[in-house]
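One file, protein_4.cif, carrying mmCIF, C-alpha atoms and all ligand atoms:
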```
data_protein
loop_
_atom_site.label_atom_id
_atom_site.label_comp_id
_atom_site.auth_asym_id
_atom_site.auth_seq_id
_atom_site.Cartn_x
_atom_site.Cartn_y
_atom_site.Cartn_z
CA MET A 35 -27.00 -9.95 -16.92
CA SER A 36 -26.26 -7.11 -19.35
CA GLN A 37 -23.87 -4.28 -18.46
CA ALA A 38 -26.78 -1.84 -18.40
CA GLN A 39 -28.70 -4.02 -15.95
CA LEU A 40 -25.62 -4.48 -13.76
CA LYS A 41 -25.04 -0.75 -13.53
CA GLU A 42 -28.71 -0.11 -12.76
CA ASN A 43 -28.71 -2.70 -9.96
CA GLU A 44 -25.49 -1.30 -8.55
CA GLN A 45 -27.18 2.09 -8.24
CA LYS A 46 -30.20 0.50 -6.66
CA TYR A 47 -28.62 -1.92 -4.18
CA VAL A 48 -25.04 -0.83 -3.47
CA MET A 49 -24.25 2.10 -1.19
CA GLN A 50 -22.89 4.84 -3.40
CA THR A 51 -19.50 5.34 -1.72
CA TYR A 52 -17.39 4.98 -4.90
CA SER A 53 -17.33 6.86 -8.18
CA ARG A 54 -16.58 4.03 -10.59
CA PHE A 55 -15.23 4.15 -14.10
CA ASP A 56 -17.73 3.10 -16.74
CA LEU A 57 -16.28 -0.38 -17.11
CA CYS A 58 -17.73 -3.78 -16.16
CA LEU A 59 -14.99 -6.36 -15.70
CA ASP A 60 -15.58 -10.04 -16.27
CA HIS A 61 -12.28 -11.89 -15.96
CA GLY A 62 -8.52 -11.50 -16.09
CA GLN A 63 -5.35 -13.33 -17.09
CA GLY A 64 -1.84 -12.14 -16.26
CA CYS A 65 -1.70 -8.35 -16.73
CA LYS A 66 -4.86 -8.36 -18.87
CA LEU A 67 -8.45 -7.72 -17.87
CA TYR A 68 -11.53 -8.36 -20.03
CA ASP A 69 -14.89 -6.58 -19.97
CA PHE A 70 -18.31 -8.13 -20.63
CA GLU A 71 -17.84 -7.79 -24.39
CA GLY A 72 -14.42 -9.43 -24.31
CA LYS A 73 -12.52 -6.19 -24.89
CA GLU A 74 -8.98 -6.47 -23.51
CA TYR A 75 -7.34 -3.99 -21.12
CA LEU A 76 -3.74 -3.84 -19.96
CA ASP A 77 -4.01 -3.45 -16.19
CA LEU A 78 -1.56 -1.03 -14.60
CA THR A 79 -3.70 -0.69 -11.48
CA SER A 80 -3.44 -4.26 -10.10
CA GLY A 81 -6.53 -3.52 -8.02
CA ILE A 82 -4.65 -0.61 -6.34
CA GLY A 83 -1.38 -2.44 -5.82
CA VAL A 84 -2.90 -5.77 -4.83
CA ASN A 85 -2.61 -8.22 -7.75
CA VAL A 86 1.20 -8.37 -7.79
CA LEU A 87 1.11 -11.74 -9.56
CA GLY A 88 -1.48 -10.48 -12.05
CA HIS A 89 -4.85 -12.16 -12.52
CA ALA A 90 -5.48 -15.91 -12.30
CA HIS A 91 -1.83 -16.73 -11.58
CA PRO A 92 -1.52 -20.54 -11.85
CA ALA A 93 0.49 -21.07 -8.62
CA LEU A 94 -1.78 -18.84 -6.53
CA THR A 95 -4.94 -20.33 -8.06
CA LYS A 96 -3.76 -23.87 -7.36
CA ALA A 97 -2.65 -23.17 -3.79
CA LEU A 98 -5.96 -21.46 -2.97
CA GLN A 99 -8.06 -24.18 -4.61
CA GLU A 100 -6.27 -26.83 -2.55
CA GLN A 101 -6.62 -24.82 0.66
CA VAL A 102 -10.36 -24.19 0.10
CA GLY A 103 -10.85 -27.94 -0.03
CA THR A 104 -8.69 -28.57 3.05
CA LEU A 105 -9.24 -25.90 5.70
CA MET A 106 -10.57 -22.42 5.05
CA HIS A 107 -11.10 -20.99 8.50
CA THR A 108 -10.59 -22.06 12.10
CA SER A 109 -10.33 -18.84 14.21
CA ASN A 110 -7.23 -18.16 16.25
CA LEU A 111 -8.23 -20.57 18.98
CA TYR A 112 -6.15 -23.26 17.28
CA TYR A 113 -2.78 -23.72 15.56
CA THR A 114 -2.75 -23.92 11.75
CA LYS A 115 0.15 -24.33 9.37
CA PRO A 116 -0.21 -21.52 6.75
CA MET A 117 -0.13 -18.65 9.28
CA VAL A 118 3.02 -19.94 10.94
CA GLU A 119 4.70 -20.50 7.58
CA ALA A 120 3.75 -17.04 6.26
CA ALA A 121 5.05 -15.42 9.48
CA GLU A 122 8.27 -17.42 9.27
CA ILE A 123 8.96 -16.38 5.66
CA LEU A 124 8.39 -12.71 6.55
CA CYS A 125 10.59 -12.78 9.66
CA LEU A 126 13.44 -14.64 7.96
CA ALA A 127 13.33 -12.33 4.95
CA THR A 128 13.46 -9.13 7.01
CA GLY A 129 15.15 -9.89 10.32
CA MET A 130 11.99 -8.70 12.07
CA ASP A 131 11.09 -10.66 15.18
CA LYS A 132 7.39 -11.50 14.94
CA ALA A 133 4.31 -11.06 12.71
CA PHE A 134 0.65 -10.38 13.44
CA PHE A 135 -2.02 -10.85 10.76
CA CYS A 136 -5.30 -9.02 10.22
CA ASN A 137 -7.46 -8.33 7.16
CA SER A 138 -6.68 -4.93 5.63
CA GLY A 139 -4.29 -2.01 5.53
CA ALA A 140 -6.27 0.16 7.93
CA GLU A 141 -6.42 -2.70 10.41
CA ALA A 142 -2.69 -3.26 10.03
CA ASN A 143 -2.10 0.38 10.93
CA GLU A 144 -4.49 0.07 13.89
CA ALA A 145 -2.40 -2.87 15.12
CA MET A 146 0.79 -0.83 14.61
CA ILE A 147 -0.65 2.12 16.56
CA LYS A 148 -1.84 -0.16 19.38
CA ALA A 149 1.52 -1.93 19.62
CA ALA A 150 3.39 1.39 19.64
CA ARG A 151 1.17 2.90 22.34
CA LYS A 152 1.28 -0.19 24.54
CA TYR A 153 5.07 -0.38 24.22
CA SER A 154 5.42 3.29 25.11
CA GLN A 155 2.98 3.10 28.00
CA MET A 156 4.77 0.08 29.51
CA ASN A 157 8.19 1.68 29.12
CA PHE A 158 7.61 5.41 29.57
CA GLY A 159 4.28 5.91 31.36
CA LYS A 160 0.66 6.28 30.39
CA ASP A 161 0.76 9.74 28.80
CA ARG A 162 3.24 8.78 26.11
CA THR A 163 0.72 8.20 23.32
CA LYS A 164 1.22 10.81 20.60
CA ILE A 165 2.16 9.68 17.10
CA LEU A 166 3.48 12.11 14.51
CA THR A 167 2.53 11.50 10.88
CA LEU A 168 3.27 13.37 7.67
CA LYS A 169 1.14 16.00 6.03
CA ASN A 170 -0.50 14.50 2.93
CA SER A 171 -0.16 10.98 4.30
CA PHE A 172 -2.79 8.30 3.92
CA HIS A 173 -3.19 5.58 6.54
CA GLY A 174 -6.73 4.21 6.13
CA ARG A 175 -10.44 4.70 6.69
CA THR A 176 -11.11 3.60 10.27
CA ILE A 177 -11.65 6.37 12.81
CA ALA A 178 -8.09 6.20 14.21
CA THR A 179 -6.35 5.80 10.85
CA LEU A 180 -8.40 8.68 9.40
CA GLU A 181 -7.07 10.82 12.23
CA ALA A 182 -3.55 9.50 11.53
CA THR A 183 -4.02 10.60 7.90
CA GLY A 184 -2.52 14.09 7.56
CA GLN A 185 -5.12 15.58 5.22
CA ASP A 186 -7.91 17.85 6.43
CA LYS A 187 -10.36 16.64 3.81
CA PHE A 188 -10.49 13.28 5.65
CA HIS A 189 -11.29 14.94 8.99
CA GLN A 190 -14.92 15.77 8.34
CA TYR A 191 -18.34 14.39 9.33
CA PHE A 192 -17.23 11.51 11.51
CA PHE A 193 -16.59 13.30 14.79
CA PRO A 194 -15.37 12.71 17.39
CA TYR A 195 -12.01 11.41 16.20
CA THR A 196 -9.41 9.93 18.51
CA SER A 197 -6.77 12.33 19.77
CA GLY A 198 -3.06 11.65 19.87
CA PHE A 199 -1.85 12.55 16.38
CA ASP A 200 -0.01 15.56 15.02
CA TYR A 201 1.36 16.23 11.54
CA PHE A 202 4.70 17.44 10.23
CA THR A 203 5.94 18.56 6.84
CA ILE A 204 7.48 16.04 4.45
CA ASN A 205 11.32 16.04 4.42
CA ASP A 206 11.45 18.69 7.19
CA MET A 207 13.45 17.58 10.26
CA GLU A 208 13.08 20.97 11.94
CA ASP A 209 9.31 20.79 11.80
CA LEU A 210 9.43 17.25 13.21
CA LYS A 211 11.69 18.32 16.09
CA GLU A 212 9.34 21.17 16.93
CA LYS A 213 6.35 18.85 17.16
CA VAL A 214 8.01 16.18 19.33
CA ASP A 215 7.37 16.50 23.06
CA GLU A 216 7.63 14.26 26.15
CA ASN A 217 4.35 12.56 25.22
CA THR A 218 5.43 11.52 21.72
CA CYS A 219 5.76 7.77 21.35
CA GLY A 220 6.58 7.45 17.67
CA VAL A 221 6.71 8.68 14.10
CA MET A 222 4.67 6.96 11.39
CA VAL A 223 5.44 7.45 7.69
CA GLU A 224 4.84 6.11 4.22
CA LEU A 225 8.26 6.06 2.52
CA ILE A 226 6.53 6.79 -0.78
CA GLN A 227 3.31 8.69 -0.22
CA GLY A 228 0.97 6.70 -2.45
CA GLU A 229 -2.57 8.03 -2.36
CA SER A 230 -1.49 11.67 -2.24
CA GLY A 231 0.61 11.59 -5.42
CA VAL A 232 3.49 9.06 -5.48
CA GLN A 233 5.96 11.17 -3.48
CA PRO A 234 9.09 9.30 -2.41
CA LEU A 235 10.61 10.74 0.77
CA ASP A 236 14.12 12.17 0.44
CA PRO A 237 16.59 9.37 1.35
CA LYS A 238 18.73 11.82 3.35
CA PHE A 239 15.70 12.88 5.40
CA VAL A 240 14.72 9.24 6.00
CA LYS A 241 18.21 8.46 7.35
CA GLU A 242 18.08 11.50 9.64
CA LEU A 243 14.62 10.51 10.80
CA GLU A 244 15.84 7.01 11.68
CA LYS A 245 18.79 8.42 13.64
CA PHE A 246 16.62 10.98 15.45
CA CYS A 247 14.07 8.30 16.43
CA HIS A 248 16.75 5.96 17.76
CA GLU A 249 18.49 8.74 19.73
CA ASN A 250 15.24 9.91 21.29
CA ASP A 251 13.60 6.58 22.07
CA LEU A 252 10.85 7.25 19.54
CA LEU A 253 9.40 4.31 17.64
CA LEU A 254 9.85 4.41 13.88
CA LEU A 255 6.64 3.08 12.32
CA VAL A 256 6.54 2.52 8.57
CA ASP A 257 3.28 2.10 6.69
CA GLU A 258 4.22 -0.31 3.88
CA VAL A 259 0.64 -1.11 2.91
CA GLN A 260 1.24 0.18 -0.63
CA THR A 261 5.04 0.02 -0.91
CA GLY A 262 5.58 -3.45 0.57
CA ILE A 263 5.90 -6.92 -0.98
CA GLY A 264 8.25 -6.29 -3.87
CA ARG A 265 6.85 -3.04 -5.26
CA THR A 266 10.14 -1.12 -5.03
CA GLY A 267 12.47 -3.97 -5.98
CA ASP A 268 13.00 -5.12 -2.40
CA LEU A 269 10.56 -7.10 -0.29
CA PHE A 270 9.93 -3.88 1.67
CA CYS A 271 10.63 -0.28 0.72
CA TYR A 272 12.42 0.32 4.04
CA GLN A 273 15.07 -2.10 2.78
CA THR A 274 15.40 0.03 -0.38
CA TYR A 275 16.00 3.04 1.90
CA GLY A 276 18.38 1.04 4.11
CA ILE A 277 16.69 1.76 7.44
CA GLU A 278 15.47 -0.40 10.34
CA PRO A 279 11.98 0.48 11.52
CA ASP A 280 10.55 -0.78 14.80
CA ILE A 281 7.24 -1.84 13.26
CA VAL A 282 6.02 -2.05 9.65
CA SER A 283 2.47 -2.52 8.45
CA MET A 284 1.57 -4.36 5.25
CA ALA A 285 -1.54 -5.39 3.31
CA LYS A 286 -2.51 -4.78 -0.35
CA ALA A 287 -0.02 -7.00 -2.24
CA LEU A 288 0.49 -9.47 0.60
CA GLY A 289 -2.39 -11.75 -0.44
CA GLY A 290 -2.15 -11.11 -4.19
CA GLY A 291 -5.93 -10.48 -4.19
CA VAL A 292 -7.08 -12.28 -1.05
CA PRO A 293 -7.75 -9.77 1.76
CA ILE A 294 -4.99 -9.85 4.37
CA GLY A 295 -2.99 -7.32 6.34
CA GLY A 296 -0.42 -7.53 9.07
CA ILE A 297 2.46 -6.03 10.97
CA LEU A 298 6.06 -7.05 11.55
CA ALA A 299 7.68 -5.95 14.79
CA ASN A 300 11.32 -5.99 15.84
CA LYS A 301 12.67 -7.50 19.09
CA ARG A 302 12.09 -4.27 20.97
CA THR A 303 8.36 -4.06 20.20
CA SER A 304 7.27 -7.62 19.33
CA SER A 305 6.13 -8.50 22.84
CA ALA A 306 4.18 -5.28 23.47
CA LEU A 307 0.89 -6.90 22.47
CA GLN A 308 0.19 -9.85 24.74
CA LYS A 309 -2.54 -12.50 24.91
CA GLY A 310 -5.92 -10.78 24.86
CA ASP A 311 -4.53 -7.34 23.85
CA HIS A 312 -5.44 -7.61 20.19
CA GLY A 313 -7.05 -10.00 17.75
CA SER A 314 -9.34 -10.59 14.81
CA THR A 315 -11.72 -13.46 14.08
CA TYR A 316 -10.60 -13.70 10.45
CA GLY A 317 -7.00 -12.64 11.09
CA ALA A 318 -4.35 -15.14 9.89
CA ASN A 319 -7.09 -17.34 8.44
CA PRO A 320 -5.64 -20.36 6.57
CA LEU A 321 -6.98 -19.21 3.19
CA ALA A 322 -5.53 -15.70 3.49
CA THR A 323 -2.18 -16.86 4.87
CA THR A 324 -1.94 -19.52 2.14
CA ALA A 325 -2.29 -16.65 -0.34
CA ALA A 326 0.42 -14.68 1.48
CA LYS A 327 2.73 -17.67 1.68
CA THR A 328 2.33 -18.33 -2.05
CA VAL A 329 2.85 -14.69 -3.05
CA LEU A 330 5.95 -14.52 -0.85
CA SER A 331 7.34 -17.78 -2.26
CA ILE A 332 7.46 -16.05 -5.65
CA VAL A 333 8.19 -12.42 -4.78
CA ASN A 334 10.73 -13.00 -1.99
CA ASN A 335 13.41 -14.04 -4.42
CA ARG A 336 16.40 -11.89 -5.36
CA ASP A 337 16.10 -12.55 -9.11
CA PHE A 338 12.40 -11.64 -9.10
CA LEU A 339 13.08 -8.46 -7.10
CA ASP A 340 16.01 -7.47 -9.32
CA GLU A 341 13.71 -7.80 -12.31
CA VAL A 342 11.15 -5.51 -10.65
CA ARG A 343 13.89 -2.92 -10.15
CA GLU A 344 15.10 -3.30 -13.73
CA LYS A 345 11.59 -3.13 -15.25
CA GLY A 346 10.83 -0.10 -13.09
CA ALA A 347 13.93 1.72 -14.35
CA TYR A 348 13.10 0.72 -17.94
CA PHE A 349 9.50 1.99 -17.62
CA MET A 350 10.58 5.23 -15.95
CA GLU A 351 13.12 5.92 -18.69
CA LYS A 352 10.48 5.34 -21.39
CA LEU A 353 8.11 7.74 -19.65
CA LYS A 354 10.78 10.38 -19.10
CA SER A 355 11.63 10.30 -22.80
CA ILE A 356 8.07 11.26 -23.79
CA ASP A 357 8.25 14.79 -25.12
CA SER A 358 5.08 16.42 -23.83
CA GLU A 359 4.35 19.82 -22.33
CA HIS A 360 1.63 18.14 -20.22
CA ILE A 361 4.12 16.10 -18.17
CA LYS A 362 5.47 18.07 -15.18
CA GLU A 363 7.43 15.23 -13.60
CA VAL A 364 7.87 11.45 -13.65
CA ARG A 365 8.81 10.02 -10.23
CA GLY A 366 8.76 6.84 -8.22
CA ILE A 367 10.76 3.79 -7.18
CA GLY A 368 10.62 0.35 -8.80
CA LEU A 369 7.16 -0.33 -10.22
CA MET A 370 5.47 2.45 -8.22
CA ILE A 371 5.43 5.33 -10.66
CA GLY A 372 3.70 8.71 -10.80
CA ILE A 373 3.32 11.01 -13.80
CA GLU A 374 2.47 14.52 -12.69
CA VAL A 375 0.22 16.40 -15.12
CA GLU A 376 -2.21 19.34 -14.96
CA PRO A 377 -4.83 18.70 -12.26
CA GLU A 378 -7.68 19.85 -14.49
CA HIS A 379 -6.87 17.16 -17.08
CA VAL A 380 -5.72 14.17 -15.07
CA LEU A 381 -9.09 12.39 -15.29
CA ASP A 382 -9.35 13.08 -19.03
CA TYR A 383 -5.98 11.38 -19.58
CA ILE A 384 -7.00 8.39 -17.48
CA GLN A 385 -10.26 8.08 -19.43
CA ALA A 386 -8.45 8.42 -22.76
CA ALA A 387 -6.02 5.66 -21.74
CA GLN A 388 -8.96 3.45 -20.76
CA ASP A 389 -10.61 4.07 -24.12
CA GLN A 390 -7.40 2.76 -25.71
CA GLY A 391 -7.29 -0.33 -23.51
CA LEU A 392 -4.98 0.81 -20.71
CA LEU A 393 -6.08 1.04 -17.05
CA VAL A 394 -4.19 3.46 -14.80
CA LEU A 395 -4.85 5.12 -11.42
CA LYS A 396 -5.06 8.65 -10.13
CA ALA A 397 -3.15 9.83 -7.06
CA GLY A 398 -3.53 13.17 -5.30
CA THR A 399 -4.95 15.94 -7.46
CA ASN A 400 -2.52 15.91 -10.35
CA THR A 401 -0.84 12.53 -10.76
CA ILE A 402 -1.38 9.49 -12.96
CA ARG A 403 -0.30 6.54 -10.78
CA LEU A 404 1.01 3.28 -12.21
CA LEU A 405 1.03 0.16 -10.01
CA PRO A 406 1.36 -2.66 -12.56
CA PRO A 407 1.42 -6.32 -11.55
CA LEU A 408 5.07 -7.11 -10.73
CA ILE A 409 5.03 -9.87 -13.38
CA ILE A 410 4.53 -7.31 -16.18
CA THR A 411 6.74 -7.99 -19.22
CA LYS A 412 8.92 -5.50 -21.12
CA GLU A 413 6.58 -5.90 -24.13
CA GLU A 414 3.64 -4.88 -21.94
CA ILE A 415 5.61 -1.93 -20.60
CA ASP A 416 6.36 -0.88 -24.22
CA GLN A 417 2.67 -1.18 -25.05
CA ALA A 418 1.64 0.88 -22.00
CA ALA A 419 4.27 3.57 -22.66
CA GLN A 420 3.11 3.81 -26.28
CA ILE A 421 -0.51 4.41 -25.25
CA LEU A 422 0.49 6.92 -22.56
CA LYS A 423 2.65 8.76 -25.08
CA GLY A 424 -0.29 9.06 -27.46
CA VAL A 425 -2.59 10.26 -24.69
CA LEU A 426 -0.14 12.78 -23.22
CA GLN A 427 0.99 14.26 -26.51
C1 LIG B 1 -4.36 1.53 0.89
C2 LIG B 1 -3.60 2.06 2.04
C3 LIG B 1 -4.07 1.93 3.36
C4 LIG B 1 -5.42 1.37 3.67
O1 LIG B 1 -5.54 0.02 3.32
P1 LIG B 1 -6.99 -0.68 3.30
O2 LIG B 1 -6.69 -2.11 2.99
O3 LIG B 1 -7.78 0.01 2.23
O4 LIG B 1 -7.58 -0.50 4.64
C5 LIG B 1 -3.25 2.37 4.38
N1 LIG B 1 -2.04 2.91 4.13
C6 LIG B 1 -1.56 3.04 2.88
C7 LIG B 1 -0.20 3.63 2.67
C8 LIG B 1 -2.32 2.64 1.80
O5 LIG B 1 -1.86 2.82 0.55
#
```
Rewrite the structure from the file as structure tokens, please.
Amino acid sequence: MSQAQLKENEQKYVMQTYSRFDLCLDHGQGCKLYDFEGKEYLDLTSGIGVNVLGHAHPALTKALQEQVGTLMHTSNLYYTKPMVEAAEILCLATGMDKAFFCNSGAEANEAMIKAARKYSQMNFGKDRTKILTLKNSFHGRTIATLEATGQDKFHQYFFPYTSGFDYFTINDMEDLKEKVDENTCGVMVELIQGESGVQPLDPKFVKELEKFCHENDLLLLVDEVQTGIGRTGDLFCYQTYGIEPDIVSMAKALGGGVPIGGILANKRTSSALQKGDHGSTYGANPLATTAAKTVLSIVNNRDFLDEVREKGAYFMEKLKSIDSEHIKEVRGIGLMIGIEVEPEHVLDYIQAAQDQGLLVLKAGTNTIRLLPPLIITKEEIDQAAQILKGVLQ
């Protein structure tokens, strides 16, 4: 099929819920992607933070091929090895008590919200249901996670939403304290707001938030769907911030490209959801948990994580040294980096980079977002920085 035919059929048969770039991808290898004509692109999107091991990683490919030929799916009516092993790796690496697996980030947040509400109801009574989230947060596309998302533009058309969420200003303890009442069960945050512009929370605020939650019996819920699994140079970003959440959600990078999400809960909250309270037909499926187990066997390694940190610092320094009036700020942690530019030109820069063989993401209204595969090399970082310099100057 030609590219023209593919695009025509996409228009004809696929619901038009995405505005796609004019690029038809055929295959990938490492940090490189190739279009139908064989043109090479350096991929700093990793499928929105998913392909942490790049494309066609030999260990992941082999593990998945073997699992496809062994046992792909069983439902949760039976015991299978990969889910238990993936859960064990995650609990041992974090000190969290137990894991639950589902299939996406939004579902992971749904599970986190359900666990938090059940815990609070059992311990404090049935009205304790409210969860505070941050303005400009992003938590997913289901009805409840849309409502959890603190951006008005997501609260249209799909009424009625669920109630039980309120929003406070980033890095503002006073605003948080004002919005807490006797019916508040927890606070849910992204430590680096991803979709809305790569905004790391202030470490001092995060520490105060943790203390306030612990002192007031509020659950601290961290959405690590984008920041988790090595992105910031630790397995989870909450470890980078040095805090102990009650529940964390994860997805994107966890399967390295195979759809999987999940939550990790501490001792306090891990028994809130009991048999029959929650589930998913696909959840913890042997194929998806084999992917997770394999990704974790590579990423959950101090040397690998130190390299992520080092490469992130190296990349950030290169970007900060670009002398351009178009760059307002370069920010981020590890290999989650945002370059703030003029909102009216952000898409032009992204297109110009693509034309020169570099794929990058947008975040918020004014930010070029870089989420490279964690296996990116220094040479590839040099190459990317060179192209971005050309585009932004
Ligand atoms: C991507 C994302 C989600 C939603 O994940 P899906 O897998 O698309 O449902 C939720 N929270 C954060 C922080 C995300 O970046």
**Request:** List all protein, DNA and RNA residues that have an atom no more than 9 Å from any atom of ligand LIG 1 (chain B), counting only C-alpha atoms and all ligand atoms, and report them as a ChimeraX atom specification.
**Result:** /A:82-83,137-143,171-176,179,183,223-229,257-261,283-286,293-295
**Request:** Please identify all polymer residues within 7 Å of A:Lys66, counting only C-alpha atoms, omitting same-chain residues fewer than 4 positions from it, and present them as a PyMOL selection string.
**Result:** chain A and resi 62+74-77
**Request:** Find the distance between atom CA of A:Glu278 and atom CA of A:Met222 and write it in Å to one decimal.
**Result:** 13.1 Å
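Those residues that approach stretch 84-100 of chain A to within 7 Å, counting all atoms listed in the file, are Gly62, Gln63, Gly64, Cys65, Lys286, Ala287, Gly290, Gly291, Leu321, Thr324, Ala325, Thr328, Pro407, Leu408 and Ile409 of chain A; same-chain residues fewer than 6 positions away are not listed.
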**Request:** Record the distance separating atom CA of A:Asn217 and atom CA of A:Lys160, expressed in Å with one decimal.
**Result:**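 Pair atom CA of A:Asn217 / atom CA of A:Lys160 returns 8.9 Å.
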**Answer as a ChimeraX atom specification, residues within 12 Å of (7.2, 10.8, -21.7) using all atoms listed in the file** = /A:349-365,372-375,416,418-427
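Take atom CA of A:Tyr153 and atom CA of A:Asp311: the distance between them is 11.9 Å.
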Incomplete stretch 282-296 of chain A brought to N, CA, C and O atoms, written out as a short mmCIF file (atom, residue, chain, number, x, y, z; two decimals), in the frame of the given file:
```cif
data_model
loop_
_atom_site.label_atom_id
_atom_site.label_comp_id
_atom_site.auth_asym_id
_atom_site.auth_seq_id
_atom_site.Cartn_x
_atom_site.Cartn_y
_atom_site.Cartn_z
N VAL A 282 6.53 -2.39 10.99
CA VAL A 282 6.02 -2.05 9.65
C VAL A 282 4.65 -2.67 9.48
O VAL A 282 4.38 -3.75 10.00
N SER A 283 3.78 -1.96 8.76
CA SER A 283 2.47 -2.52 8.45
C SER A 283 2.46 -2.91 6.97
O SER A 283 3.20 -2.34 6.16
N MET A 284 1.64 -3.89 6.65
CA MET A 284 1.57 -4.36 5.25
C MET A 284 0.14 -4.81 4.97
O MET A 284 -0.63 -5.06 5.90
N ALA A 285 -0.22 -4.87 3.70
CA ALA A 285 -1.54 -5.39 3.31
C ALA A 285 -1.52 -5.55 1.79
O ALA A 285 -0.75 -6.36 1.29
N LYS A 286 -2.34 -4.76 1.11
CA LYS A 286 -2.51 -4.78 -0.35
C LYS A 286 -1.91 -6.01 -1.07
O LYS A 286 -2.61 -6.98 -1.31
N ALA A 287 -0.61 -5.95 -1.40
CA ALA A 287 -0.02 -7.00 -2.24
C ALA A 287 0.17 -8.32 -1.51
O ALA A 287 0.38 -9.36 -2.14
N LEU A 288 0.11 -8.30 -0.20
CA LEU A 288 0.49 -9.47 0.60
C LEU A 288 -0.29 -10.73 0.21
O LEU A 288 0.27 -11.82 0.17
N GLY A 289 -1.58 -10.58 -0.08
CA GLY A 289 -2.39 -11.75 -0.44
C GLY A 289 -2.60 -11.91 -1.94
O GLY A 289 -3.30 -12.83 -2.37
N GLY A 290 -2.01 -11.02 -2.74
CA GLY A 290 -2.15 -11.11 -4.19
C GLY A 290 -3.59 -11.03 -4.67
O GLY A 290 -3.90 -11.41 -5.80
N GLY A 291 -4.51 -10.57 -3.82
CA GLY A 291 -5.93 -10.48 -4.19
C GLY A 291 -6.84 -11.02 -3.10
O GLY A 291 -8.03 -10.70 -3.06
N VAL A 292 -6.31 -11.82 -2.21
CA VAL A 292 -7.08 -12.28 -1.05
C VAL A 292 -6.85 -11.28 0.08
O VAL A 292 -5.70 -10.92 0.35
N PRO A 293 -7.92 -10.80 0.73
CA PRO A 293 -7.75 -9.77 1.76
C PRO A 293 -6.92 -10.26 2.94
O PRO A 293 -7.26 -11.25 3.58
N ILE A 294 -5.83 -9.57 3.20
CA ILE A 294 -4.99 -9.85 4.37
C ILE A 294 -4.13 -8.63 4.66
O ILE A 294 -3.70 -7.93 3.74
N GLY A 295 -3.91 -8.36 5.93
CA GLY A 295 -2.99 -7.32 6.34
C GLY A 295 -2.15 -7.86 7.47
O GLY A 295 -2.35 -9.00 7.91
N GLY A 296 -1.21 -7.06 7.94
CA GLY A 296 -0.42 -7.53 9.07
C GLY A 296 0.64 -6.54 9.48
O GLY A 296 0.81 -5.49 8.83
#
```
